[in-house]
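Structure file work-v5.cif (mmCIF, C-alpha atoms and all ligand atoms) is printed below.
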```cif
data_final
loop_
_atom_site.label_atom_id
_atom_site.label_comp_id
_atom_site.auth_asym_id
_atom_site.auth_seq_id
_atom_site.Cartn_x
_atom_site.Cartn_y
_atom_site.Cartn_z
CA MET X 263 -195.15 -95.17 82.50
CA MET X 264 -194.79 -91.52 83.58
CA SER X 265 -195.33 -90.97 87.29
CA ASP X 266 -196.75 -87.46 86.98
CA PRO X 267 -198.46 -86.80 83.64
CA ILE X 268 -199.10 -83.13 84.39
CA GLU X 269 -195.34 -82.45 84.33
CA TYR X 270 -195.19 -83.74 80.73
CA LEU X 271 -198.20 -81.99 79.22
CA MET X 272 -197.79 -80.52 75.75
CA ASP X 273 -200.17 -78.14 74.04
CA VAL X 274 -202.08 -80.89 72.27
CA TRP X 275 -205.81 -80.65 71.68
CA PRO X 276 -208.42 -82.91 70.08
CA LEU X 277 -209.40 -81.83 66.58
CA SER X 278 -212.60 -80.03 67.45
CA THR X 279 -215.75 -81.44 65.98
CA GLY X 280 -217.76 -78.45 67.12
CA THR X 281 -219.47 -77.54 70.35
CA GLU X 282 -219.94 -81.23 71.23
CA ASP X 283 -216.23 -81.53 71.83
CA HIS X 284 -216.25 -80.80 75.54
CA LEU X 285 -213.15 -82.74 76.47
CA THR X 286 -211.11 -79.91 74.94
CA SER X 287 -212.04 -77.36 77.60
CA HIS X 288 -212.02 -79.89 80.44
CA HIS X 289 -208.54 -81.04 79.47
CA LEU X 290 -207.42 -77.48 80.24
CA LEU X 291 -209.07 -77.67 83.66
CA LEU X 292 -207.69 -81.10 84.54
CA ARG X 293 -204.11 -80.03 83.86
CA ASP X 294 -204.41 -76.90 86.05
CA ARG X 295 -202.65 -78.22 89.11
CA VAL X 296 -202.85 -74.92 91.05
CA ARG X 297 -206.63 -74.77 90.65
CA ASN X 298 -207.22 -78.44 91.35
CA GLU X 299 -205.01 -78.73 94.41
CA ALA X 300 -206.54 -75.59 95.90
CA PHE X 301 -210.11 -76.94 95.35
CA GLN X 302 -209.12 -80.37 96.68
CA GLU X 303 -207.72 -78.93 99.90
CA ALA X 304 -210.65 -76.51 100.35
CA ILE X 305 -213.19 -79.30 99.83
CA ARG X 306 -211.26 -81.51 102.26
CA ARG X 307 -211.63 -78.75 104.88
CA VAL X 308 -215.26 -77.84 104.13
CA VAL X 309 -216.99 -81.17 103.41
CA ARG X 310 -217.50 -83.30 106.52
CA PRO X 311 -217.86 -87.10 106.53
CA GLY X 312 -221.51 -87.96 105.91
CA ASP X 313 -222.32 -84.65 104.14
CA LEU X 314 -224.47 -84.22 101.05
CA ALA X 315 -222.86 -82.08 98.34
CA LEU X 316 -224.27 -80.50 95.19
CA ASP X 317 -221.82 -79.96 92.31
CA VAL X 318 -223.09 -77.19 90.00
CA GLY X 319 -221.60 -77.46 86.52
CA ALA X 320 -219.90 -80.75 87.41
CA GLY X 321 -217.93 -81.25 84.17
CA THR X 322 -215.70 -84.32 84.61
CA GLY X 323 -216.94 -84.61 88.21
CA ILE X 324 -213.58 -83.66 89.71
CA LEU X 325 -215.06 -81.52 92.53
CA SER X 326 -217.55 -84.26 93.43
CA ALA X 327 -214.70 -86.76 93.47
CA PHE X 328 -212.86 -84.48 95.93
CA ALA X 329 -216.03 -84.43 98.06
CA ILE X 330 -216.18 -88.23 98.05
CA GLN X 331 -212.49 -88.29 99.05
CA ALA X 332 -213.42 -85.95 101.94
CA GLY X 333 -216.07 -88.43 103.08
CA ALA X 334 -219.30 -87.09 101.55
CA GLN X 335 -222.15 -89.55 101.87
CA HIS X 336 -223.68 -88.56 98.53
CA VAL X 337 -222.93 -86.09 95.73
CA TYR X 338 -225.37 -84.64 93.19
CA LEU X 339 -223.69 -83.73 89.91
CA VAL X 340 -225.61 -81.26 87.73
CA GLU X 341 -224.17 -80.56 84.31
CA SER X 342 -225.75 -79.08 81.19
CA GLU X 343 -223.44 -80.78 78.69
CA ASP X 344 -222.55 -84.29 77.61
CA ILE X 345 -219.30 -84.19 79.61
CA LEU X 346 -221.48 -85.53 82.43
CA SER X 347 -221.19 -88.96 80.81
CA CYS X 348 -217.41 -88.73 81.38
CA ALA X 349 -218.01 -88.01 85.06
CA GLN X 350 -220.24 -91.06 85.19
CA GLU X 351 -217.48 -93.23 83.67
CA ILE X 352 -214.95 -91.99 86.23
CA PHE X 353 -217.34 -92.65 89.13
CA LYS X 354 -218.20 -96.09 87.76
CA HIS X 355 -214.52 -96.99 87.49
CA ALA X 356 -213.92 -95.75 91.08
CA GLY X 357 -216.85 -97.77 92.42
CA TRP X 358 -218.72 -94.65 93.59
CA LEU X 359 -221.90 -94.93 91.51
CA ASP X 360 -224.07 -95.66 94.58
CA ARG X 361 -222.85 -92.42 96.19
CA ALA X 362 -223.67 -90.17 93.24
CA THR X 363 -226.67 -88.88 91.29
CA PHE X 364 -226.09 -87.51 87.78
CA ILE X 365 -228.46 -84.84 86.50
CA ARG X 366 -228.09 -83.59 82.92
CA GLY X 367 -229.58 -80.10 82.71
CA MET X 368 -229.28 -76.44 83.66
CA ALA X 369 -228.71 -76.30 87.41
CA ASP X 370 -230.84 -73.18 87.84
CA ARG X 371 -233.82 -74.97 86.26
CA VAL X 372 -233.63 -78.14 88.40
CA THR X 373 -236.32 -78.64 91.05
CA PHE X 374 -234.90 -79.94 94.32
CA GLN X 375 -237.25 -81.81 96.65
CA GLY X 376 -236.96 -83.39 100.08
CA GLY X 377 -233.92 -82.32 102.11
CA LYS X 378 -231.15 -79.85 101.44
CA VAL X 379 -227.41 -80.20 100.92
CA ASP X 380 -224.58 -79.32 103.31
CA ALA X 381 -222.30 -77.95 100.61
CA ILE X 382 -222.46 -76.51 97.10
CA LEU X 383 -219.38 -76.88 94.92
CA ILE X 384 -219.34 -74.54 91.94
CA GLU X 385 -216.60 -73.63 89.53
CA LEU X 386 -218.51 -71.45 87.08
CA ILE X 387 -215.61 -69.05 87.26
CA GLY X 388 -214.66 -67.29 84.04
CA ASN X 389 -211.51 -65.37 83.25
CA PHE X 390 -213.10 -62.29 84.85
CA GLY X 391 -214.93 -64.36 87.46
CA ILE X 392 -218.47 -63.44 86.38
CA ASP X 393 -218.27 -64.46 82.71
CA GLU X 394 -219.63 -67.99 83.19
CA ASN X 395 -222.86 -66.66 84.68
CA ILE X 396 -222.21 -67.53 88.30
CA LEU X 397 -224.06 -64.44 89.50
CA SER X 398 -227.36 -65.63 88.05
CA VAL X 399 -226.98 -69.42 88.52
CA LEU X 400 -225.63 -69.57 92.06
CA PRO X 401 -228.26 -67.57 94.04
CA THR X 402 -231.07 -69.54 92.36
CA VAL X 403 -229.53 -72.92 93.19
CA ARG X 404 -228.37 -71.88 96.67
CA ASN X 405 -231.82 -70.57 97.68
CA LYS X 406 -233.45 -73.84 96.57
CA ALA X 407 -230.95 -76.46 97.75
CA LEU X 408 -228.51 -75.30 100.45
CA LYS X 409 -229.39 -75.95 104.07
CA LYS X 410 -229.12 -73.15 106.65
CA GLY X 411 -225.53 -73.01 107.81
CA GLY X 412 -224.39 -74.84 104.68
CA LYS X 413 -221.13 -73.97 102.89
CA ILE X 414 -220.26 -72.93 99.34
CA VAL X 415 -216.90 -73.56 97.67
CA PRO X 416 -215.88 -70.94 96.62
CA ALA X 417 -217.33 -68.69 99.33
CA GLY X 418 -216.74 -65.37 97.59
CA LEU X 419 -215.40 -63.47 94.60
CA ARG X 420 -213.61 -60.16 94.07
CA LEU X 421 -212.96 -58.39 90.76
CA PHE X 422 -209.98 -56.11 90.13
CA VAL X 423 -209.01 -53.70 87.36
CA VAL X 424 -205.97 -51.58 86.56
CA PRO X 425 -204.90 -49.34 83.63
CA ILE X 426 -202.04 -50.96 81.73
CA VAL X 427 -199.40 -50.55 79.05
CA GLU X 428 -198.84 -53.51 76.73
CA GLU X 429 -196.93 -52.68 73.59
CA SER X 430 -197.70 -55.81 71.60
CA LEU X 431 -201.41 -55.41 72.37
CA GLU X 432 -201.28 -51.83 71.13
CA ARG X 433 -199.87 -53.18 67.87
CA GLU X 434 -202.62 -55.85 67.73
CA PHE X 435 -205.39 -53.30 68.25
CA GLY X 436 -203.66 -51.17 65.58
CA VAL X 437 -204.86 -53.64 62.91
CA TYR X 438 -208.28 -51.99 63.06
CA ARG X 439 -206.78 -48.52 62.65
CA SER X 440 -204.50 -49.35 59.73
CA VAL X 441 -204.30 -49.50 55.99
CA LEU X 442 -203.33 -53.10 55.19
CA TYR X 443 -202.85 -54.50 51.65
CA GLY X 444 -204.14 -51.15 50.36
CA ILE X 445 -207.39 -51.42 52.34
CA ASP X 446 -208.34 -49.05 55.15
CA PHE X 447 -209.67 -51.14 58.06
CA SER X 448 -210.40 -48.18 60.34
CA PRO X 449 -214.21 -48.47 59.88
CA LEU X 450 -213.88 -51.54 62.14
CA ALA X 451 -212.16 -49.72 65.01
CA ARG X 452 -215.35 -48.93 66.93
CA LEU X 453 -216.60 -52.53 66.55
CA ALA X 454 -213.28 -53.89 67.73
CA ASP X 455 -213.30 -51.62 70.77
CA ASN X 456 -216.77 -52.83 71.77
CA ASN X 457 -215.24 -56.21 72.59
CA ILE X 458 -213.68 -57.38 75.79
CA TYR X 459 -210.54 -59.31 74.95
CA LEU X 460 -209.05 -62.35 76.61
CA LEU X 461 -205.32 -62.32 76.96
CA ASN X 462 -202.61 -64.09 78.87
CA PHE X 463 -200.62 -61.06 79.95
CA ARG X 464 -196.89 -61.68 80.26
CA ASN X 465 -195.45 -58.19 79.80
CA ALA X 466 -198.17 -55.83 80.96
CA ARG X 467 -197.07 -52.83 83.00
CA ARG X 468 -199.46 -51.45 85.60
CA LEU X 469 -199.91 -47.69 85.47
CA ALA X 470 -201.59 -47.38 88.88
CA GLU X 471 -202.57 -49.34 91.96
CA PRO X 472 -205.25 -51.96 91.10
CA GLN X 473 -208.74 -51.18 92.40
CA LEU X 474 -211.47 -53.48 93.69
CA LEU X 475 -214.34 -53.19 91.21
CA ALA X 476 -216.87 -55.52 92.84
CA GLU X 477 -217.12 -58.09 95.63
CA PHE X 478 -219.61 -60.93 96.24
CA ASP X 479 -220.32 -63.12 99.25
CA PHE X 480 -221.79 -66.25 97.66
CA LEU X 481 -223.79 -67.13 100.78
CA THR X 482 -225.80 -63.93 100.56
CA CYS X 483 -225.51 -62.32 97.09
CA GLU X 484 -228.78 -62.05 95.15
CA SER X 485 -228.21 -59.59 92.32
CA ASP X 486 -226.77 -60.51 88.94
CA THR X 487 -226.07 -56.90 88.03
CA ILE X 488 -223.00 -54.80 88.72
CA GLU X 489 -222.81 -51.02 88.68
CA SER X 490 -219.46 -49.78 89.89
CA ARG X 491 -217.02 -46.86 89.57
CA VAL X 492 -213.37 -46.73 90.53
CA ASN X 493 -210.72 -43.99 90.33
CA PHE X 494 -207.03 -44.35 89.63
CA SER X 495 -204.17 -41.98 90.25
CA ILE X 496 -201.53 -42.72 87.61
CA THR X 497 -198.19 -43.59 89.17
CA GLU X 498 -196.10 -44.23 86.04
CA GLN X 499 -195.69 -42.77 82.58
CA GLY X 500 -196.84 -44.89 79.61
CA ARG X 501 -199.26 -45.43 76.75
CA MET X 502 -202.45 -46.71 78.34
CA ILE X 503 -204.07 -49.32 76.07
CA GLY X 504 -206.95 -50.26 78.36
CA LEU X 505 -207.75 -51.77 81.72
CA ALA X 506 -206.77 -55.31 82.62
CA GLY X 507 -209.30 -57.26 84.71
CA TRP X 508 -208.93 -60.37 86.86
CA PHE X 509 -210.56 -62.10 89.83
CA GLU X 510 -209.81 -63.55 93.23
CA ILE X 511 -211.95 -66.31 94.75
CA ASP X 512 -211.94 -67.42 98.38
CA LEU X 513 -212.35 -71.19 98.32
CA CYS X 514 -212.53 -71.33 102.10
CA GLU X 515 -210.82 -69.53 104.94
CA GLY X 516 -207.12 -69.39 104.16
CA ILE X 517 -207.31 -70.67 100.55
CA SER X 518 -207.79 -68.34 97.62
CA LEU X 519 -207.09 -68.38 93.89
CA SER X 520 -206.34 -65.45 91.64
CA ASN X 521 -205.19 -64.74 88.06
CA PRO X 522 -203.47 -61.32 88.00
CA PRO X 523 -201.60 -60.18 84.85
CA ASN X 524 -198.09 -61.56 84.25
CA GLU X 525 -198.37 -64.31 86.91
CA ASN X 526 -200.01 -67.10 84.85
CA ARG X 527 -200.10 -69.73 87.55
CA THR X 528 -203.49 -71.12 86.45
CA HIS X 529 -205.31 -71.84 83.17
CA TRP X 530 -207.28 -68.60 83.52
CA ASP X 531 -206.32 -65.67 81.29
CA GLN X 532 -207.05 -62.05 82.06
CA ILE X 533 -209.41 -59.74 80.23
CA ILE X 534 -208.84 -56.32 78.76
CA PHE X 535 -211.35 -53.49 78.52
CA PRO X 536 -210.16 -51.42 75.51
CA ILE X 537 -210.31 -47.62 75.59
CA GLY X 538 -209.97 -47.01 71.84
CA GLU X 539 -206.70 -45.49 70.68
CA ALA X 540 -203.90 -45.71 73.26
CA GLN X 541 -203.56 -42.66 75.52
CA ALA X 542 -200.24 -41.29 76.81
CA VAL X 543 -200.47 -40.72 80.57
CA GLU X 544 -198.03 -39.43 83.18
CA LYS X 545 -197.62 -39.63 86.91
CA GLY X 546 -200.35 -37.60 88.60
CA ASP X 547 -202.93 -38.01 85.78
CA ARG X 548 -206.29 -39.46 86.80
CA VAL X 549 -208.51 -42.15 85.29
CA SER X 550 -212.08 -42.81 86.34
CA PHE X 551 -213.69 -46.07 85.22
CA ARG X 552 -217.35 -47.08 85.25
CA PHE X 553 -218.53 -50.68 84.73
CA ARG X 554 -222.08 -51.94 84.27
CA TYR X 555 -222.97 -55.60 83.90
CA ASN X 556 -226.29 -57.40 83.64
CA THR X 557 -227.63 -60.66 82.35
CA THR X 558 -231.27 -59.68 82.21
CA ALA X 559 -231.53 -59.58 78.42
CA GLY X 560 -230.68 -63.31 78.33
CA GLU X 561 -227.15 -62.48 77.24
CA ASP X 562 -224.45 -60.81 79.30
CA GLN X 563 -224.26 -57.10 78.68
CA TRP X 564 -221.00 -55.43 79.61
CA ALA X 565 -220.66 -51.66 79.36
CA TRP X 566 -217.52 -49.76 80.31
CA SER X 567 -216.77 -46.08 80.11
CA GLY X 568 -214.45 -43.59 81.67
CA VAL X 569 -212.60 -40.32 81.67
CA ILE X 570 -208.84 -39.84 81.41
CA HIS X 571 -207.62 -36.53 82.85
CA THR X 572 -204.15 -35.64 81.55
CA ARG X 573 -202.24 -32.37 81.51
CA GLY X 574 -203.14 -32.11 77.84
CA GLY X 575 -206.90 -32.34 78.45
CA ILE X 576 -209.75 -34.73 79.00
CA ARG X 577 -210.38 -37.89 76.97
CA ARG X 578 -213.56 -39.96 77.29
CA PHE X 579 -214.31 -43.56 76.27
CA ASP X 580 -217.62 -45.41 76.25
CA PHE X 581 -218.09 -48.99 74.96
CA CYS X 582 -220.54 -51.87 75.24
CA ASN X 583 -220.29 -55.48 74.08
CA ALA X 584 -223.91 -55.36 72.84
CA ASP X 585 -222.69 -53.02 70.04
CA ARG X 586 -220.04 -55.37 68.67
CA PHE X 587 -222.17 -56.65 65.79
CA LEU X 588 -223.26 -54.72 62.71
CA LEU X 589 -225.78 -57.23 61.46
CA PRO X 590 -228.63 -58.79 63.43
CA LYS X 591 -228.07 -62.46 64.24
CA VAL X 592 -230.47 -63.92 61.68
CA ARG X 593 -229.84 -66.62 59.12
CA THR X 594 -232.08 -66.76 56.09
CA ARG X 595 -231.85 -68.42 52.72
CA HIS X 596 -231.13 -65.92 49.98
CA THR X 597 -231.73 -65.87 46.27
CA VAL X 598 -229.14 -63.77 44.43
CA GLU X 599 -229.64 -62.54 40.92
CA LEU X 600 -226.18 -62.70 39.24
CA LYS X 601 -225.35 -60.18 36.53
CA THR X 602 -224.70 -61.36 33.00
CA LYS X 603 -221.24 -60.22 31.82
CA ASN X 604 -221.24 -57.54 29.14
C1 LIG Q 1 -215.53 -74.37 84.24
S1 LIG Q 1 -216.39 -75.86 84.03
C2 LIG Q 1 -216.08 -76.65 85.60
C3 LIG Q 1 -216.22 -78.14 85.55
C4 LIG Q 1 -215.86 -78.84 86.84
N1 LIG Q 1 -216.71 -78.45 87.93
C5 LIG Q 1 -214.43 -78.59 87.21
O1 LIG Q 1 -214.19 -77.89 88.19
O2 LIG Q 1 -213.54 -79.05 86.49
C6 LIG Q 1 -218.07 -75.38 84.14
C7 LIG Q 1 -219.05 -76.45 83.74
O3 LIG Q 1 -220.35 -76.00 84.07
C8 LIG Q 1 -221.26 -76.35 83.05
N2 LIG Q 1 -222.38 -75.39 83.17
C9 LIG Q 1 -222.37 -74.08 82.86
N3 LIG Q 1 -223.53 -73.50 83.21
C10 LIG Q 1 -224.30 -74.47 83.76
C11 LIG Q 1 -225.62 -74.51 84.30
N4 LIG Q 1 -226.38 -73.40 84.36
N5 LIG Q 1 -226.09 -75.69 84.75
C12 LIG Q 1 -225.34 -76.81 84.68
N6 LIG Q 1 -224.09 -76.84 84.17
C13 LIG Q 1 -223.56 -75.68 83.72
C14 LIG Q 1 -220.44 -76.28 81.78
O4 LIG Q 1 -220.99 -77.10 80.76
C15 LIG Q 1 -219.08 -76.79 82.27
O5 LIG Q 1 -218.97 -78.18 82.10
#
```
Write-out of the structure in structure tokens:
Amino acid sequence: MMSDPIEYLMDVWPLSTGTEDHLTSHHLLLRDRVRNEAFQEAIRRVVRPGDLALDVGAGTGILSAFAIQAGAQHVYLVESEDILSCAQEIFKHAGWLDRATFIRGMADRVTFQGGKVDAILIELIGNFGIDENILSVLPTVRNKALKKGGKIVPAGLRLFVVPIVEESLEREFGVYRSVLYGIDFSPLARLADNNIYLLNFRNARRLAEPQLLAEFDFLTCESDTIESRVNFSITEQGRMIGLAGWFEIDLCEGISLSNPPNENRTHWDQIIFPIGEAQAVEKGDRVSFRFRYNTTAGEDQWAWSGVIHTRGGIRRFDFCNADRFLLPKVRTRHTVELKTKN
């Protein structure tokens, strides 16, 4: 029997049977030792014996289990997906069922009655921090369920961006600007650039000092929109392919987690905001970047634009993820009249 299974993990995944297959994504979380040990220590410091804790997006229940280990009297696990049944199995096996309540549903739509909790545990943290909807879910839940003076793990979030060079990514993006197999794929370039890409950067080169794009204190934040501008002074020569984005979360005082490019200590990747065709830049050039984010239309809308000032002139870019589809998302049954061969 292996003493430490995490040391032996291979890239092996269940054959996906569709969106019901939630163990796949939670497997990735369970093997992320850096994330899990940081949360375990933060929860040990924040949750006091006898506390009530609310776990938002509980998944396998790992954060609630940490709260029980810290001495919580009772934990409330809210989870929208069937993975909650796995949490229930783990709690049953540990003999903790009388200290836990399992709620299957969207946390922001749950009505909380009676008292309030001492701590909220929430790991709706996407690769760019905001992309699992934490900005809309957390304030709603916090305002309904957290007692005055209560704590949230994590307590805050910061988002960073920086212009980068990444040669293999430039080649990848080149697919949509190329003639392949005798077919010109360049009509897809604009569509491709309206996407934000997820990537595990290993060889990205920063062209400037990273800038703080946005910052949230989870005890007080209310808005689920971002409107931000940052400016970069280019410090190195290179072919700018886009801006890499990552996050930093403060789990509690003295414990934070981050996923900057090339470090890859956690399961989180980074994101890339494309700028269209790569742009050669030199030391002293300037890049301004504007980012707008909202969830009001029911779906996240991400818009990013900017201006690159080089000695050769000015280049603008302007993209939005809402424009990444050509066809409306409708599915109808069709009848097709086939031609008869001459
Ligand atoms: C990144 S996972 C974290 C799971 C677990 N807390 C952990 O740390 O391993 C986020 C979980 O939140 C759930 N989720 C997302 N939005 C939710 C919502 N609005 N209400 C309840 N659960 C949600 C997802 O189904 C997923 O299981």
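Residues with at least one atom no more than 8 Å from (-210.4, -73.5, 99.2), using all atoms listed in the file, are Ala300, Phe301, Gln302, Glu303, Ala304, Ile305, Arg307, Val415, Pro416, Asp512, Leu513, Cys514, Glu515, Gly516, Ile517 and Ser518 of chain X.
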If you count only C-alpha atoms and all ligand atoms, which residues end up within 9 Å of ligand LIG 1 (chain Q), as a CSV table (one decimal) with C-alpha atoms, in the coordinates of the input?
```csv
chain,number,residue,atom,x,y,z
X,284,HIS,CA,-216.2,-80.8,75.5
X,287,SER,CA,-212.0,-77.4,77.6
X,288,HIS,CA,-212.0,-79.9,80.4
X,289,HIS,CA,-208.5,-81.0,79.5
X,290,LEU,CA,-207.4,-77.5,80.2
X,291,LEU,CA,-209.1,-77.7,83.7
X,292,LEU,CA,-207.7,-81.1,84.5
X,297,ARG,CA,-206.6,-74.8,90.6
X,298,ASN,CA,-207.2,-78.4,91.4
X,301,PHE,CA,-210.1,-76.9,95.4
X,317,ASP,CA,-221.8,-80.0,92.3
X,318,VAL,CA,-223.1,-77.2,90.0
X,319,GLY,CA,-221.6,-77.5,86.5
X,320,ALA,CA,-219.9,-80.8,87.4
X,321,GLY,CA,-217.9,-81.2,84.2
X,322,THR,CA,-215.7,-84.3,84.6
X,323,GLY,CA,-216.9,-84.6,88.2
X,324,ILE,CA,-213.6,-83.7,89.7
X,325,LEU,CA,-215.1,-81.5,92.5
X,326,SER,CA,-217.6,-84.3,93.4
X,339,LEU,CA,-223.7,-83.7,89.9
X,340,VAL,CA,-225.6,-81.3,87.7
X,341,GLU,CA,-224.2,-80.6,84.3
X,342,SER,CA,-225.8,-79.1,81.2
X,343,GLU,CA,-223.4,-80.8,78.7
X,344,ASP,CA,-222.6,-84.3,77.6
X,345,ILE,CA,-219.3,-84.2,79.6
X,346,LEU,CA,-221.5,-85.5,82.4
X,365,ILE,CA,-228.5,-84.8,86.5
X,366,ARG,CA,-228.1,-83.6,82.9
X,367,GLY,CA,-229.6,-80.1,82.7
X,368,MET,CA,-229.3,-76.4,83.7
X,369,ALA,CA,-228.7,-76.3,87.4
X,370,ASP,CA,-230.8,-73.2,87.8
X,371,ARG,CA,-233.8,-75.0,86.3
X,372,VAL,CA,-233.6,-78.1,88.4
X,383,LEU,CA,-219.4,-76.9,94.9
X,384,ILE,CA,-219.3,-74.5,91.9
X,385,GLU,CA,-216.6,-73.6,89.5
X,386,LEU,CA,-218.5,-71.4,87.1
X,387,ILE,CA,-215.6,-69.0,87.3
X,388,GLY,CA,-214.7,-67.3,84.0
X,394,GLU,CA,-219.6,-68.0,83.2
X,395,ASN,CA,-222.9,-66.7,84.7
X,396,ILE,CA,-222.2,-67.5,88.3
X,398,SER,CA,-227.4,-65.6,88.0
X,399,VAL,CA,-227.0,-69.4,88.5
X,400,LEU,CA,-225.6,-69.6,92.1
```
Counting all atoms listed in the file, which residue out of X:Leu453, X:Lys409, X:Ala540, X:Arg573 sits closest to Gly436 of chain X? X:Ala540
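Taking all atoms listed in the file, the non-local environment of Glu489 of chain X within 7 Å (same-chain residues fewer than 6 positions away omitted) comprises Phe553, Arg554 and Tyr555 of chain X.
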Within-12 Å shell of (-233.0, -68.5, 93.6) in input frame, only C-alpha atoms, as a list of chain:residue names: X:Ala369, X:Asp370, X:Arg371, X:Val372, X:Thr373, X:Phe374, X:Leu397, X:Ser398, X:Val399, X:Leu400, X:Pro401, X:Thr402, X:Val403, X:Arg404, X:Asn405, X:Lys406, X:Ala407, X:Leu408, X:Leu481, X:Thr482, X:Cys483, X:Glu484, X:Ser485, X:Asp486
Let me see the file: selected residues, C-alpha atoms, as a PDB file, in the frame of the given file.
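result_33.pdb was written with the following content:
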```
ATOM      1  CA  ALA X 369    -228.710 -76.300  87.410  1.00  0.00           C
ATOM      2  CA  ASP X 370    -230.840 -73.180  87.840  1.00  0.00           C
ATOM      3  CA  ARG X 371    -233.820 -74.970  86.260  1.00  0.00           C
ATOM      4  CA  VAL X 372    -233.630 -78.140  88.400  1.00  0.00           C
ATOM      5  CA  THR X 373    -236.320 -78.640  91.050  1.00  0.00           C
ATOM      6  CA  PHE X 374    -234.900 -79.940  94.320  1.00  0.00           C
ATOM      7  CA  LEU X 397    -224.060 -64.440  89.500  1.00  0.00           C
ATOM      8  CA  SER X 398    -227.360 -65.630  88.050  1.00  0.00           C
ATOM      9  CA  VAL X 399    -226.980 -69.420  88.520  1.00  0.00           C
ATOM     10  CA  LEU X 400    -225.630 -69.570  92.060  1.00  0.00           C
ATOM     11  CA  PRO X 401    -228.260 -67.570  94.040  1.00  0.00           C
ATOM     12  CA  THR X 402    -231.070 -69.540  92.360  1.00  0.00           C
ATOM     13  CA  VAL X 403    -229.530 -72.920  93.190  1.00  0.00           C
ATOM     14  CA  ARG X 404    -228.370 -71.880  96.670  1.00  0.00           C
ATOM     15  CA  ASN X 405    -231.820 -70.570  97.680  1.00  0.00           C
ATOM     16  CA  LYS X 406    -233.450 -73.840  96.570  1.00  0.00           C
ATOM     17  CA  ALA X 407    -230.950 -76.460  97.750  1.00  0.00           C
ATOM     18  CA  LEU X 408    -228.510 -75.300 100.450  1.00  0.00           C
ATOM     19  CA  LEU X 481    -223.790 -67.130 100.780  1.00  0.00           C
ATOM     20  CA  THR X 482    -225.800 -63.930 100.560  1.00  0.00           C
ATOM     21  CA  CYS X 483    -225.510 -62.320  97.090  1.00  0.00           C
ATOM     22  CA  GLU X 484    -228.780 -62.050  95.150  1.00  0.00           C
ATOM     23  CA  SER X 485    -228.210 -59.590  92.320  1.00  0.00           C
ATOM     24  CA  ASP X 486    -226.770 -60.510  88.940  1.00  0.00           C
TER      25      ASP X 486
END
```
Nearest-residue call for Val308 of chain X, choices X:Arg439, X:Lys413, X:Arg578, X:Arg468, using only C-alpha atoms: X:Lys413
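Going from atom CA of Gly333 of chain X to atom CA of Leu314 of chain X covers 9.6 Å.
One finds atom CA of Asp393 of chain X at 16.0 Å from atom CA of Asn456 of chain X.
Close contacts of segment 471-475 of chain X, defined as residues with an atom at most 9 Å away when counting all atoms listed in the file, with chain neighbours fewer than 3 positions off set aside, comprise Arg420, Leu421, Phe422, Val423, Val424, Pro425, Arg468, Ser490, Arg491, Val492, Asn493, Phe494, Ser495, Ile496, Thr497 and Phe553 of chain X.
Minimum atom-to-atom distances from X:Leu450, X:Ile382, X:Val296, X:Ala476 to Ala334 of chain X were compared using only C-alpha atoms, and the lowest value belongs to X:Ile382.
Closest to Ala451 of chain X among X:Phe581, X:Cys348, X:Glu561, X:Trp358 is X:Phe581, based on only C-alpha atoms.
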Report, in Å to a single decimal, how far apart atom CA of Glu525 of chain X and atom CA of Glu498 of chain X are. 20.2 Å
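If all atoms listed in the file are the atoms counted, then among X:Phe509, X:Lys601, X:Thr594, X:Ala542 the closest residue to Gly574 of chain X is X:Ala542.
Distances here use all atoms listed in the file; by that measure, the residue among X:Glu477, X:Leu461, X:Ile576, X:Leu469 closest to Asn521 of chain X is X:Leu461.
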Extract, using all atoms listed in the file, all DNA, RNA and protein residues at most 9 Å from Ala327 of chain X, discarding same-chain residues fewer than 5 positions from it, and format them as JSON, numbers by chain. {"X": [332, 337, 352, 353, 358]}
Would you kindly return, as a ChimeraX atom specification, each protein, DNA or RNA residue with an atom no farther than 8 Å from any atom of segment 531-537 of chain X, considering only C-alpha atoms and excluding same-chain residues fewer than 5 positions away? /X:389-390,455-463,503-508,521-523,526,566,579-581
